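Peer 1: To be precise about what I am sending: the file is called query-v6.csv and holds CSV, C-alpha atoms.
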```csv
chain,number,residue,atom,x,y,z
A,268,MET,CA,-25.8,2.4,15.5
A,269,SER,CA,-27.4,4.4,12.7
A,270,GLU,CA,-29.5,6.4,15.2
A,271,ALA,CA,-26.3,8.0,16.7
A,272,LYS,CA,-26.1,11.8,16.0
A,273,SER,CA,-22.3,11.9,16.5
A,274,TYR,CA,-19.5,9.7,17.7
A,275,LEU,CA,-17.1,12.6,17.8
A,276,THR,CA,-16.8,13.4,21.4
A,277,ASP,CA,-14.1,15.8,22.8
A,278,GLU,CA,-12.3,12.7,24.0
A,279,ILE,CA,-12.2,11.2,20.5
A,280,ARG,CA,-11.1,14.5,19.0
A,281,SER,CA,-8.3,14.7,21.5
A,282,TYR,CA,-6.6,11.8,19.7
A,283,ILE,CA,-6.0,14.0,16.6
A,284,GLY,CA,-2.3,14.8,16.4
A,285,MET,CA,-1.3,12.0,18.7
A,286,GLU,CA,2.1,10.6,17.5
A,287,THR,CA,4.1,7.5,18.4
A,288,GLU,CA,7.8,7.5,19.0
A,289,VAL,CA,10.1,6.2,16.2
A,290,LEU,CA,10.1,2.4,16.5
A,291,ASP,CA,12.6,0.1,14.9
A,292,ALA,CA,11.2,-2.7,12.8
A,293,PHE,CA,11.8,-6.1,14.4
A,294,ASP,CA,13.9,-7.6,11.7
A,295,PRO,CA,16.3,-6.1,9.1
A,296,VAL,CA,15.1,-6.9,5.6
A,297,GLU,CA,15.7,-10.6,5.4
A,298,ARG,CA,16.0,-12.2,2.0
A,299,GLY,CA,13.8,-15.2,2.9
A,300,ALA,CA,11.1,-12.8,3.9
A,301,VAL,CA,11.6,-10.9,0.6
A,302,ARG,CA,11.3,-14.1,-1.4
A,303,ARG,CA,8.1,-15.1,0.4
A,304,PHE,CA,6.7,-11.6,-0.1
A,305,ALA,CA,7.6,-11.5,-3.9
A,306,GLN,CA,6.2,-15.0,-4.4
A,307,ALA,CA,3.0,-14.1,-2.5
A,308,ILE,CA,2.3,-10.9,-4.6
A,309,MET,CA,3.3,-13.0,-7.8
A,310,ASP,CA,5.8,-10.4,-8.9
A,311,PRO,CA,8.8,-12.1,-10.6
A,312,ASP,CA,10.8,-8.9,-10.9
A,313,PRO,CA,14.5,-10.0,-10.9
A,314,VAL,CA,15.6,-6.9,-8.8
A,315,PHE,CA,14.1,-8.7,-5.8
A,316,MET,CA,16.7,-11.5,-6.0
A,317,GLU,CA,20.4,-11.7,-6.0
A,318,GLY,CA,21.8,-11.7,-9.5
A,319,GLU,CA,22.9,-9.7,-12.5
A,320,ALA,CA,19.6,-7.8,-12.9
A,321,ALA,CA,19.7,-6.5,-9.3
A,322,GLU,CA,23.5,-5.8,-9.3
A,323,SER,CA,23.3,-3.8,-12.5
A,324,SER,CA,20.2,-1.9,-11.5
A,325,ARG,CA,20.3,1.6,-10.2
A,326,TYR,CA,19.5,0.1,-6.7
A,327,GLY,CA,23.0,-1.4,-6.7
A,328,GLY,CA,21.8,-4.8,-5.4
A,329,PRO,CA,18.7,-6.8,-4.6
A,330,VAL,CA,15.8,-4.8,-3.0
A,331,ALA,CA,12.5,-5.6,-1.3
A,332,PRO,CA,9.2,-5.1,-3.2
A,333,PRO,CA,7.9,-1.5,-2.9
A,334,LEU,CA,5.3,-2.1,-0.2
A,335,PHE,CA,7.4,-4.5,1.8
A,336,PRO,CA,8.0,-1.9,4.6
A,337,LEU,CA,4.3,-1.7,5.2
A,338,THR,CA,4.2,-5.2,6.6
A,339,GLN,CA,7.1,-4.9,9.1
A,340,HIS,CA,5.1,-3.8,12.2
A,341,ARG,CA,6.0,-6.7,14.4
A,342,LEU,CA,6.2,-6.8,18.2
A,343,PRO,CA,9.7,-7.1,19.7
A,344,PHE,CA,10.4,-10.4,21.6
A,345,GLY,CA,9.4,-10.2,25.2
A,346,SER,CA,6.6,-7.7,24.8
A,347,PRO,CA,3.0,-8.9,25.4
A,348,ASP,CA,1.9,-10.7,22.2
A,349,PHE,CA,-1.6,-11.7,21.6
A,350,LEU,CA,-0.7,-14.3,19.1
A,351,THR,CA,1.8,-16.0,21.5
A,352,GLU,CA,-0.8,-16.0,24.3
A,353,ARG,CA,-3.6,-17.5,22.1
A,354,ALA,CA,-1.5,-19.7,19.9
A,355,SER,CA,-3.2,-22.9,21.2
A,356,ASP,CA,-6.7,-21.4,21.4
A,357,PRO,CA,-9.0,-23.0,18.7
A,358,ASP,CA,-11.5,-20.1,18.9
A,359,PHE,CA,-8.9,-17.4,18.2
A,360,ASP,CA,-10.1,-15.6,15.1
A,361,GLY,CA,-6.5,-14.5,14.2
A,362,THR,CA,-7.1,-10.8,14.4
A,363,ARG,CA,-3.9,-9.0,15.3
A,364,VAL,CA,-4.2,-7.1,18.5
A,365,ASP,CA,-1.3,-5.0,19.8
A,366,ALA,CA,-1.5,-5.6,23.6
A,367,SER,CA,1.1,-2.9,24.2
A,368,ALA,CA,-0.9,-0.3,22.2
A,369,GLY,CA,-0.7,3.1,23.9
A,370,GLU,CA,2.1,2.0,26.2
A,371,MET,CA,4.6,4.8,26.7
A,372,GLY,CA,8.1,4.6,25.3
A,373,PRO,CA,11.2,6.2,26.6
A,374,SER,CA,10.6,9.5,24.7
A,375,GLY,CA,7.3,10.0,26.5
A,376,LYS,CA,5.3,9.2,23.3
A,377,PRO,CA,3.3,6.0,23.0
A,378,ARG,CA,5.0,3.0,21.3
A,379,SER,CA,2.0,2.5,19.1
A,380,LEU,CA,-1.3,4.4,18.7
A,381,PRO,CA,-3.9,3.5,21.3
A,382,PRO,CA,-7.2,2.3,19.8
A,383,LEU,CA,-9.9,4.9,19.7
A,384,PRO,CA,-12.7,4.3,22.3
A,385,LEU,CA,-15.4,3.7,19.7
A,386,GLY,CA,-16.7,0.6,21.4
A,387,PRO,CA,-18.2,-2.0,19.1
A,388,LEU,CA,-18.1,-0.1,15.8
A,389,ALA,CA,-16.8,-2.3,13.0
A,390,LEU,CA,-13.4,-1.4,11.5
A,391,LEU,CA,-12.9,-1.4,7.8
A,392,ASN,CA,-9.8,-0.6,5.7
A,393,GLY,CA,-10.9,2.3,3.5
A,394,GLY,CA,-7.8,2.7,1.5
A,395,SER,CA,-4.5,4.6,1.4
A,396,GLU,CA,-2.4,7.2,-0.3
A,397,ILE,CA,1.1,5.9,-0.6
A,398,GLU,CA,4.2,7.9,-1.5
A,399,LEU,CA,7.4,5.9,-2.3
A,400,TYR,CA,10.9,7.4,-2.2
A,401,ARG,CA,13.1,4.3,-2.5
A,402,TYR,CA,13.2,0.6,-2.0
A,403,LEU,CA,14.9,-1.1,0.9
A,404,GLY,CA,18.0,-3.2,0.1
A,405,HIS,CA,18.4,-6.7,1.6
A,406,GLY,CA,19.9,-6.4,5.1
A,407,GLU,CA,18.8,-2.8,5.7
A,408,THR,CA,17.1,-1.7,8.8
A,409,LEU,CA,13.8,0.1,9.0
A,410,SER,CA,12.0,2.2,11.5
A,411,TYR,CA,8.6,3.9,11.5
A,412,LYS,CA,6.3,6.3,13.4
A,413,SER,CA,2.5,6.8,13.2
A,414,ARG,CA,0.2,9.7,13.9
A,415,TYR,CA,-3.5,10.2,14.0
A,416,ALA,CA,-3.7,12.9,11.3
A,417,ASP,CA,-7.5,13.4,11.3
A,418,ILE,CA,-10.7,12.0,12.6
A,419,PHE,CA,-14.0,13.1,11.1
A,420,GLU,CA,-17.5,11.8,10.4
A,421,ARG,CA,-19.8,11.7,7.5
A,422,GLN,CA,-23.5,10.8,7.1
A,423,THR,CA,-23.6,8.2,4.3
A,424,SER,CA,-26.3,6.0,2.7
A,425,LYS,CA,-25.1,3.3,5.1
A,426,GLY,CA,-25.4,5.4,8.1
A,427,LEU,CA,-23.0,7.6,10.1
A,428,MET,CA,-19.4,6.7,9.6
A,429,VAL,CA,-16.2,7.8,11.3
A,430,PHE,CA,-13.1,8.2,9.1
A,431,VAL,CA,-9.8,7.8,10.9
A,432,VAL,CA,-6.8,9.0,9.0
A,433,THR,CA,-3.4,7.7,10.1
A,434,ASP,CA,-0.1,8.9,8.7
A,435,ILE,CA,2.8,6.4,8.9
A,436,ASP,CA,6.3,7.4,8.0
A,437,TYR,CA,8.8,4.6,7.2
A,438,LEU,CA,12.4,5.7,7.7
A,439,ASP,CA,15.8,4.2,6.9
A,440,LYS,CA,18.7,4.1,9.3
A,441,ASP,CA,19.6,7.7,8.6
A,442,GLY,CA,16.1,8.8,9.3
A,443,GLU,CA,15.4,9.5,5.6
A,444,LEU,CA,11.9,8.8,4.3
A,445,VAL,CA,11.5,5.5,2.5
A,446,ALA,CA,7.7,5.6,2.2
A,447,ARG,CA,4.8,7.6,3.6
A,448,VAL,CA,1.3,6.2,4.0
A,449,LYS,CA,-1.9,8.0,4.7
A,450,ARG,CA,-4.3,5.3,5.6
A,451,THR,CA,-8.0,5.7,6.1
A,452,THR,CA,-9.9,3.4,8.4
A,453,ILE,CA,-13.7,3.5,8.5
A,454,ARG,CA,-15.6,2.8,11.7
A,455,ARG,CA,-19.3,2.3,11.6
B,93,MET,CA,-0.8,-16.1,-15.1
B,94,THR,CA,2.6,-15.6,-13.5
B,95,GLU,CA,4.1,-16.3,-17.0
B,96,MET,CA,2.0,-13.5,-18.4
B,97,THR,CA,3.4,-11.1,-15.8
B,98,SER,CA,6.8,-12.4,-16.2
B,99,SER,CA,6.9,-11.9,-20.0
B,100,LEU,CA,5.4,-8.4,-19.6
B,101,ALA,CA,8.3,-7.5,-17.3
B,102,ALA,CA,10.8,-9.1,-19.6
B,103,ASN,CA,9.4,-7.3,-22.7
B,104,ARG,CA,9.7,-4.0,-20.8
B,105,ALA,CA,13.2,-4.7,-19.8
B,106,ALA,CA,14.2,-5.6,-23.3
B,107,ALA,CA,12.5,-2.5,-24.7
B,108,GLY,CA,14.6,-0.2,-22.4
B,109,PRO,CA,13.3,2.9,-20.6
B,110,LEU,CA,9.8,4.3,-21.1
B,111,TYR,CA,10.2,8.0,-21.9
B,112,PHE,CA,7.8,10.7,-21.0
B,113,GLU,CA,7.5,11.6,-24.7
B,114,ASP,CA,6.2,8.1,-25.4
B,115,VAL,CA,3.1,8.5,-23.3
B,116,ARG,CA,-0.3,9.8,-24.7
B,117,LEU,CA,-3.2,11.3,-22.7
B,118,GLY,CA,-6.1,8.9,-22.5
B,119,GLU,CA,-3.7,5.9,-23.2
B,120,HIS,CA,-4.5,2.6,-21.5
B,121,ILE,CA,-1.4,1.0,-20.0
B,122,PRO,CA,-0.8,-2.8,-20.3
B,123,GLU,CA,-3.1,-4.6,-17.8
B,124,LEU,CA,-1.9,-7.0,-15.1
B,125,ILE,CA,-3.9,-10.1,-14.6
B,126,LYS,CA,-3.9,-11.9,-11.2
B,127,GLY,CA,-5.9,-15.0,-10.7
B,128,PRO,CA,-8.0,-17.0,-10.4
B,129,MET,CA,-7.1,-16.2,-6.8
B,130,THR,CA,-7.3,-19.5,-4.9
B,131,THR,CA,-7.1,-20.2,-1.2
B,132,ALA,CA,-3.4,-21.1,-1.8
B,133,HIS,CA,-2.7,-17.5,-3.0
B,134,LEU,CA,-4.5,-16.1,0.0
B,135,MET,CA,-2.7,-18.4,2.4
B,136,ARG,CA,0.7,-17.5,0.8
B,137,TRP,CA,0.0,-13.8,1.3
B,138,SER,CA,-1.2,-14.2,4.9
B,139,ALA,CA,2.0,-16.1,5.7
B,140,ALA,CA,4.2,-13.5,4.0
B,141,MET,CA,2.8,-10.7,6.1
B,142,GLU,CA,2.0,-12.8,9.2
B,143,ASN,CA,-1.7,-11.9,9.2
B,144,TRP,CA,-3.6,-14.9,10.5
B,145,HIS,CA,-7.1,-13.4,10.4
B,146,LYS,CA,-9.4,-16.4,9.6
B,147,ILE,CA,-11.6,-14.5,7.1
B,148,HIS,CA,-8.8,-15.2,4.5
B,149,TYR,CA,-8.5,-18.9,4.9
B,150,ASP,CA,-11.3,-20.5,7.0
B,151,ARG,CA,-14.4,-20.5,4.8
B,152,THR,CA,-16.8,-21.7,7.6
B,153,PHE,CA,-15.5,-18.9,9.9
B,154,ALA,CA,-15.8,-16.2,7.2
B,155,GLN,CA,-19.3,-17.2,6.2
B,156,GLU,CA,-20.8,-18.2,9.6
B,157,HIS,CA,-19.0,-15.9,12.0
B,158,ASP,CA,-18.3,-12.8,9.9
B,159,LYS,CA,-21.3,-13.3,7.6
B,160,LEU,CA,-19.1,-12.7,4.5
B,161,PRO,CA,-20.0,-14.1,1.1
B,162,ASP,CA,-16.7,-16.1,1.0
B,163,LEU,CA,-13.0,-15.8,1.8
B,164,LEU,CA,-11.8,-12.3,1.1
B,165,VAL,CA,-8.9,-11.3,-1.1
B,166,ASN,CA,-6.8,-9.1,1.3
B,167,GLY,CA,-6.9,-5.4,0.5
B,168,SER,CA,-3.2,-5.4,1.5
B,169,LEU,CA,-2.5,-7.8,-1.3
B,170,LYS,CA,-4.6,-5.9,-3.9
B,171,GLN,CA,-2.6,-2.7,-3.1
B,172,ASN,CA,0.6,-4.5,-4.1
B,173,PHE,CA,-1.0,-5.4,-7.4
B,174,LEU,CA,-1.7,-1.7,-8.1
B,175,VAL,CA,1.9,-0.7,-7.3
B,176,GLN,CA,3.2,-3.6,-9.5
B,177,LEU,CA,1.1,-2.3,-12.4
B,178,VAL,CA,2.7,1.1,-12.5
B,179,LYS,CA,6.2,-0.1,-11.5
B,180,ASP,CA,6.3,-2.6,-14.4
B,181,TRP,CA,4.9,0.0,-16.8
B,182,ALA,CA,7.4,2.7,-15.7
B,183,THR,CA,10.4,0.3,-15.8
B,184,HIS,CA,13.2,0.8,-13.3
B,185,HIS,CA,14.2,4.0,-15.2
B,186,GLY,CA,11.0,5.6,-13.9
B,187,TRP,CA,9.5,5.9,-10.4
B,188,PRO,CA,6.1,5.1,-9.0
B,189,TRP,CA,5.9,8.1,-6.7
B,190,LYS,CA,2.3,8.0,-5.6
B,191,VAL,CA,-0.4,5.4,-5.6
B,192,SER,CA,-3.8,6.0,-4.0
B,193,PHE,CA,-6.9,3.8,-3.8
B,194,GLN,CA,-10.1,3.2,-2.0
B,195,PHE,CA,-11.4,-0.2,-1.0
B,196,ARG,CA,-15.0,0.2,-2.1
B,197,ALA,CA,-16.0,-3.5,-2.6
B,198,MET,CA,-14.8,-6.9,-1.6
B,199,ASP,CA,-13.1,-9.4,-3.9
B,200,VAL,CA,-13.6,-13.0,-2.9
B,201,VAL,CA,-11.6,-16.2,-3.5
B,202,GLY,CA,-11.9,-17.5,-7.0
B,203,SER,CA,-11.8,-14.1,-8.6
B,204,THR,CA,-9.7,-13.2,-11.6
B,205,LEU,CA,-8.5,-9.6,-11.2
B,206,THR,CA,-7.6,-7.3,-14.0
B,207,ILE,CA,-5.5,-4.4,-12.7
B,208,TRP,CA,-5.8,-1.5,-15.2
B,209,GLY,CA,-4.6,2.1,-15.6
B,210,GLU,CA,-5.4,5.0,-17.9
B,211,VAL,CA,-3.3,8.2,-18.4
B,212,THR,CA,-5.2,11.3,-17.3
B,213,GLY,CA,-2.6,13.9,-17.0
B,214,LEU,CA,0.9,14.8,-18.3
B,215,LEU,CA,2.9,17.3,-16.2
B,216,ARG,CA,6.3,18.5,-17.4
B,217,LEU,CA,8.7,19.3,-14.6
B,218,GLU,CA,12.3,20.4,-14.9
B,219,ARG,CA,14.1,17.1,-14.3
B,220,TYR,CA,11.4,14.6,-15.3
B,221,GLY,CA,7.9,14.3,-16.4
B,222,LEU,CA,5.0,13.2,-14.2
B,223,VAL,CA,2.2,11.0,-15.6
B,224,GLU,CA,-1.1,11.0,-13.8
B,225,LEU,CA,-3.1,7.9,-14.0
B,226,LYS,CA,-6.5,6.6,-13.0
B,227,LEU,CA,-6.3,3.0,-11.7
B,228,GLY,CA,-8.7,0.2,-10.9
B,229,ILE,CA,-9.2,-3.5,-10.1
B,230,ARG,CA,-12.0,-5.2,-12.1
B,231,ASN,CA,-13.1,-8.8,-11.5
B,232,GLN,CA,-14.2,-11.4,-14.1
B,233,ASP,CA,-17.8,-10.0,-14.0
B,234,GLY,CA,-16.7,-6.5,-14.8
B,235,LYS,CA,-17.2,-5.2,-11.2
B,236,GLU,CA,-14.7,-2.6,-10.0
B,237,SER,CA,-13.6,-2.8,-6.4
B,238,THR,CA,-10.7,-0.5,-5.9
B,239,PRO,CA,-10.7,2.9,-7.7
B,240,GLY,CA,-7.5,4.7,-7.4
B,241,SER,CA,-4.9,7.0,-9.0
B,242,ALA,CA,-1.2,7.3,-9.4
B,243,MET,CA,1.6,9.7,-10.2
B,244,VAL,CA,4.6,8.2,-12.0
B,245,ALA,CA,7.9,9.9,-12.8
B,246,LEU,CA,9.4,9.2,-16.2
B,247,PRO,CA,12.7,10.5,-17.7
B,248,TYR,CA,12.7,12.8,-20.8
B,249,ARG,CA,14.3,11.2,-23.9
B,250,ASP,CA,17.2,13.6,-23.8
B,251,GLY,CA,17.0,14.3,-20.1
B,252,PRO,CA,18.8,13.2,-17.0
B,253,ALA,CA,17.9,10.0,-15.0
B,254,VAL,CA,15.0,10.2,-12.6
B,255,PRO,CA,16.6,10.9,-9.2
B,256,TYR,CA,16.9,7.9,-6.9
B,257,PRO,CA,16.1,8.1,-4.0
B,258,PHE,CA,13.2,10.0,-5.6
B,259,VAL,CA,13.1,13.7,-5.1
B,260,ALA,CA,9.4,14.8,-5.1
B,261,PRO,CA,8.4,18.1,-6.7
B,262,THR,CA,7.5,21.0,-4.4
B,263,SER,CA,3.8,22.0,-4.4
B,264,GLN,CA,4.8,25.2,-6.3
B,265,GLU,CA,6.5,23.2,-9.0
B,266,LEU,CA,3.5,20.9,-9.3
B,267,GLU,CA,1.1,23.9,-9.5
B,268,ARG,CA,3.2,25.5,-12.3
B,269,ALA,CA,3.3,22.3,-14.3
B,270,ARG,CA,-0.5,22.0,-14.0
B,271,GLN,CA,-1.0,25.6,-15.2
B,272,ASP,CA,1.4,24.8,-18.2
B,273,ALA,CA,-0.6,21.7,-19.0
B,274,ASP,CA,-3.9,23.5,-18.9
B,275,SER,CA,-2.7,26.4,-21.1
B,276,ALA,CA,-1.3,23.8,-23.6
B,277,VAL,CA,-4.8,22.2,-23.8
B,278,SER,CA,-6.6,25.5,-24.3
B,279,ALA,CA,-4.1,26.8,-26.8
```
Would you write the structure of this file as structure tokens?
Peer 2:
Amino acid sequence: MSEAKSYLTDEIRSYIGMETEVLDAFDPVERGAVRRFAQAIMDPDPVFMEGEAAESSRYGGPVAPPLFPLTQHRLPFGSPDFLTERASDPDFDGTRVDASAGEMGPSGKPRSLPPLPLGPLALLNGGSEIELYRYLGHGETLSYKSRYADIFERQTSKGLMVFVVTDIDYLDKDGELVARVKRTTIRR
Amino acid sequence: MTEMTSSLAANRAAAGPLYFEDVRLGEHIPELIKGPMTTAHLMRWSAAMENWHKIHYDRTFAQEHDKLPDLLVNGSLKQNFLVQLVKDWATHHGWPWKVSFQFRAMDVVGSTLTIWGEVTGLLRLERYGLVELKLGIRNQDGKESTPGSAMVALPYRDGPAVPYPFVAPTSQELERARQDADSAVSA
């Protein structure tokens, strides 16, 4: 891999700017999911639960933890689902694969971003820039859209790396921004 | 450790809002300690986000198949710790507007993580002040894995509440506040 001069073909570059349609999160914010999430991040903040602290807060009721929306990308029932298909497979490594990636939605935009044709290059989570605008209340609905904002490469001490920057907007039912994430994935 | 976090949050709530005027450049904010991170913690997070990747709970798979040193603490979990650090510090009268970080190194099961922040900038805007921070996650051996930064809005002592939903400053407003901060330093 390290001998490659460039992975950035015209085909790869053509993905920059590609955007999905706005997809509804599978579930409204469910309080059981909020509890599991708050317990898992070990944050006992009382505004995540029903009670006086949440009711008297400026949120006006219990809310989900700040980064809860980021975990709500779930496939709708009935769509091809890798986990359902391989649920009994003892060799399944558990990696989430979106079998419908790149499939077109009614707006003519893909329902989720198609994977880049970078073959066997490893995929690493490089980090994110997160902007928060508000917290989701229990019972609220969420939608999101993603976009390949940039794809570039750098020569590093560990060889040539491709940086894929994906912008994801999380929106409330009025289309107002809840959070915006600029996520960098490293391929090498 | 949960008790420690819990009492920190309770102390903050009891102390009332944190005001912009209370913050000093170079100040270290109260640290958040998470751990030791056991397989139970990693499993609980995997379940909460429905991520079943075996590198977080099947040690044989992680080491033999993916050649990892041990089970990995999920980056997606560590980013929640960074946000909690600034959220708890700001109290619910402030707002953790931006949190950025890079996953530079792995943290493995058994680690005790110290999530820390240091004030690097103070920007005065019209309705609220913005505190710039440098953030990080350090393990029990002093190794840093996740360098980052944050911008947190805090109310002025005699000012209005920080708007909720948050209203971000325009880039012009930010630029002007930076110039003011620079000239205050050089004066």
Peer 1: Given a cut-off of 6 Å, which residues of chain B touch chain A, counting all atoms listed in the file, written out as a list in words?
Peer 2: Ser98, Arg136, Trp137, Ala140, Met141, Trp144, His145, Lys146, Trp189, Lys190, Val191, Ser192, Phe193, Gln194, Phe195, Pro257 and Phe258 of chain B
Peer 1: Check the smallest atom-to-atom distance from each of B:Glu224, B:Asp114, B:Asp233, B:Asp199 to Ser168 in chain B using all atoms listed in the file, then report the winner.
Peer 2: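 Looking at the shortest contact to Ser168 in chain B, the residue is B:Asp199.
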Peer 1: List the neighbours of Phe419 in chain A out to 8 Å using all atoms listed in the file; skip same-chain residues closer than 2 positions along the sequence, and give me the result as a compact mmCIF listing (two decimals) with C-alpha atoms, keeping the file's coordinate frame.
Peer 2:
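Result file follows (around_39.txt):
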```
# COMPACT_ATOMS: atom_id res chain seq x y z
CA LEU A 275 -17.10 12.60 17.80
CA ASP A 417 -7.50 13.40 11.30
CA ARG A 421 -19.80 11.70 7.50
CA VAL A 429 -16.20 7.80 11.30
CA PHE A 430 -13.10 8.20 9.10
CA VAL A 431 -9.80 7.80 10.90
```
Peer 1: CA of Leu246 in chain B to CA of Glu265 in chain B: how many Å, to one decimal?
Peer 2: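 About the pair CA of Leu246 in chain B and CA of Glu265 in chain B: they are 16.0 Å apart.
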Peer 1: Quick one: distance from CA of Gly202 in chain B to CA of Ala132 in chain B in Å, one decimal?
Peer 2: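 Interatomic distance, CA of Gly202 in chain B to CA of Ala132 in chain B: 10.6 Å.
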Peer 1: Rounded to one decimal in Å, what is the spacing between CA of Val432 in chain A and CA of Val165 in chain B?
Peer 2: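 Spanning CA of Val432 in chain A to CA of Val165 in chain B is a straight-line distance of 22.8 Å.
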Peer 1: Out of A:Gln422, A:Thr351, A:Ser413, A:Thr433, which residue has the shortest atom-to-atom distance to Ser273 in chain A when counting all atoms listed in the file?
Peer 2: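 Among the listed residues, A:Gln422 lies closest to Ser273 in chain A.
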Peer 1: Find the residues with any atom within 7 Å of (-10.6, 0.4, 15.1); use only C-alpha atoms and the coordinates as given in the file, and write the answer as a list in words.
Peer 2: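 Protein, DNA and RNA residues close to (-10.6, 0.4, 15.1): Pro382, Leu383, Leu390 and Arg454 of chain A.
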Peer 1: Give me the residues within 12 Å of range 277-288 of chain A as number ranges by chain, counting all atoms listed in the file and dropping any in the same chain fewer than 4 places off.
Peer 2: A: 273, 368-386, 410-420, 429-436
Peer 1: Can you write out the residues you just picked, keeping C-alpha atoms, as a PDB file, keeping the file's coordinate frame?
Peer 2:
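Generated output (result_37.pdb):
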```pdb
ATOM      1  CA  SER A 273     -22.300  11.900  16.500  1.00  0.00           C
ATOM      2  CA  ALA A 368      -0.900  -0.300  22.200  1.00  0.00           C
ATOM      3  CA  GLY A 369      -0.700   3.100  23.900  1.00  0.00           C
ATOM      4  CA  GLU A 370       2.100   2.000  26.200  1.00  0.00           C
ATOM      5  CA  MET A 371       4.600   4.800  26.700  1.00  0.00           C
ATOM      6  CA  GLY A 372       8.100   4.600  25.300  1.00  0.00           C
ATOM      7  CA  PRO A 373      11.200   6.200  26.600  1.00  0.00           C
ATOM      8  CA  SER A 374      10.600   9.500  24.700  1.00  0.00           C
ATOM      9  CA  GLY A 375       7.300  10.000  26.500  1.00  0.00           C
ATOM     10  CA  LYS A 376       5.300   9.200  23.300  1.00  0.00           C
ATOM     11  CA  PRO A 377       3.300   6.000  23.000  1.00  0.00           C
ATOM     12  CA  ARG A 378       5.000   3.000  21.300  1.00  0.00           C
ATOM     13  CA  SER A 379       2.000   2.500  19.100  1.00  0.00           C
ATOM     14  CA  LEU A 380      -1.300   4.400  18.700  1.00  0.00           C
ATOM     15  CA  PRO A 381      -3.900   3.500  21.300  1.00  0.00           C
ATOM     16  CA  PRO A 382      -7.200   2.300  19.800  1.00  0.00           C
ATOM     17  CA  LEU A 383      -9.900   4.900  19.700  1.00  0.00           C
ATOM     18  CA  PRO A 384     -12.700   4.300  22.300  1.00  0.00           C
ATOM     19  CA  LEU A 385     -15.400   3.700  19.700  1.00  0.00           C
ATOM     20  CA  GLY A 386     -16.700   0.600  21.400  1.00  0.00           C
ATOM     21  CA  SER A 410      12.000   2.200  11.500  1.00  0.00           C
ATOM     22  CA  TYR A 411       8.600   3.900  11.500  1.00  0.00           C
ATOM     23  CA  LYS A 412       6.300   6.300  13.400  1.00  0.00           C
ATOM     24  CA  SER A 413       2.500   6.800  13.200  1.00  0.00           C
ATOM     25  CA  ARG A 414       0.200   9.700  13.900  1.00  0.00           C
ATOM     26  CA  TYR A 415      -3.500  10.200  14.000  1.00  0.00           C
ATOM     27  CA  ALA A 416      -3.700  12.900  11.300  1.00  0.00           C
ATOM     28  CA  ASP A 417      -7.500  13.400  11.300  1.00  0.00           C
ATOM     29  CA  ILE A 418     -10.700  12.000  12.600  1.00  0.00           C
ATOM     30  CA  PHE A 419     -14.000  13.100  11.100  1.00  0.00           C
ATOM     31  CA  GLU A 420     -17.500  11.800  10.400  1.00  0.00           C
ATOM     32  CA  VAL A 429     -16.200   7.800  11.300  1.00  0.00           C
ATOM     33  CA  PHE A 430     -13.100   8.200   9.100  1.00  0.00           C
ATOM     34  CA  VAL A 431      -9.800   7.800  10.900  1.00  0.00           C
ATOM     35  CA  VAL A 432      -6.800   9.000   9.000  1.00  0.00           C
ATOM     36  CA  THR A 433      -3.400   7.700  10.100  1.00  0.00           C
ATOM     37  CA  ASP A 434      -0.100   8.900   8.700  1.00  0.00           C
ATOM     38  CA  ILE A 435       2.800   6.400   8.900  1.00  0.00           C
ATOM     39  CA  ASP A 436       6.300   7.400   8.000  1.00  0.00           C
TER      40      ASP A 436
END
```
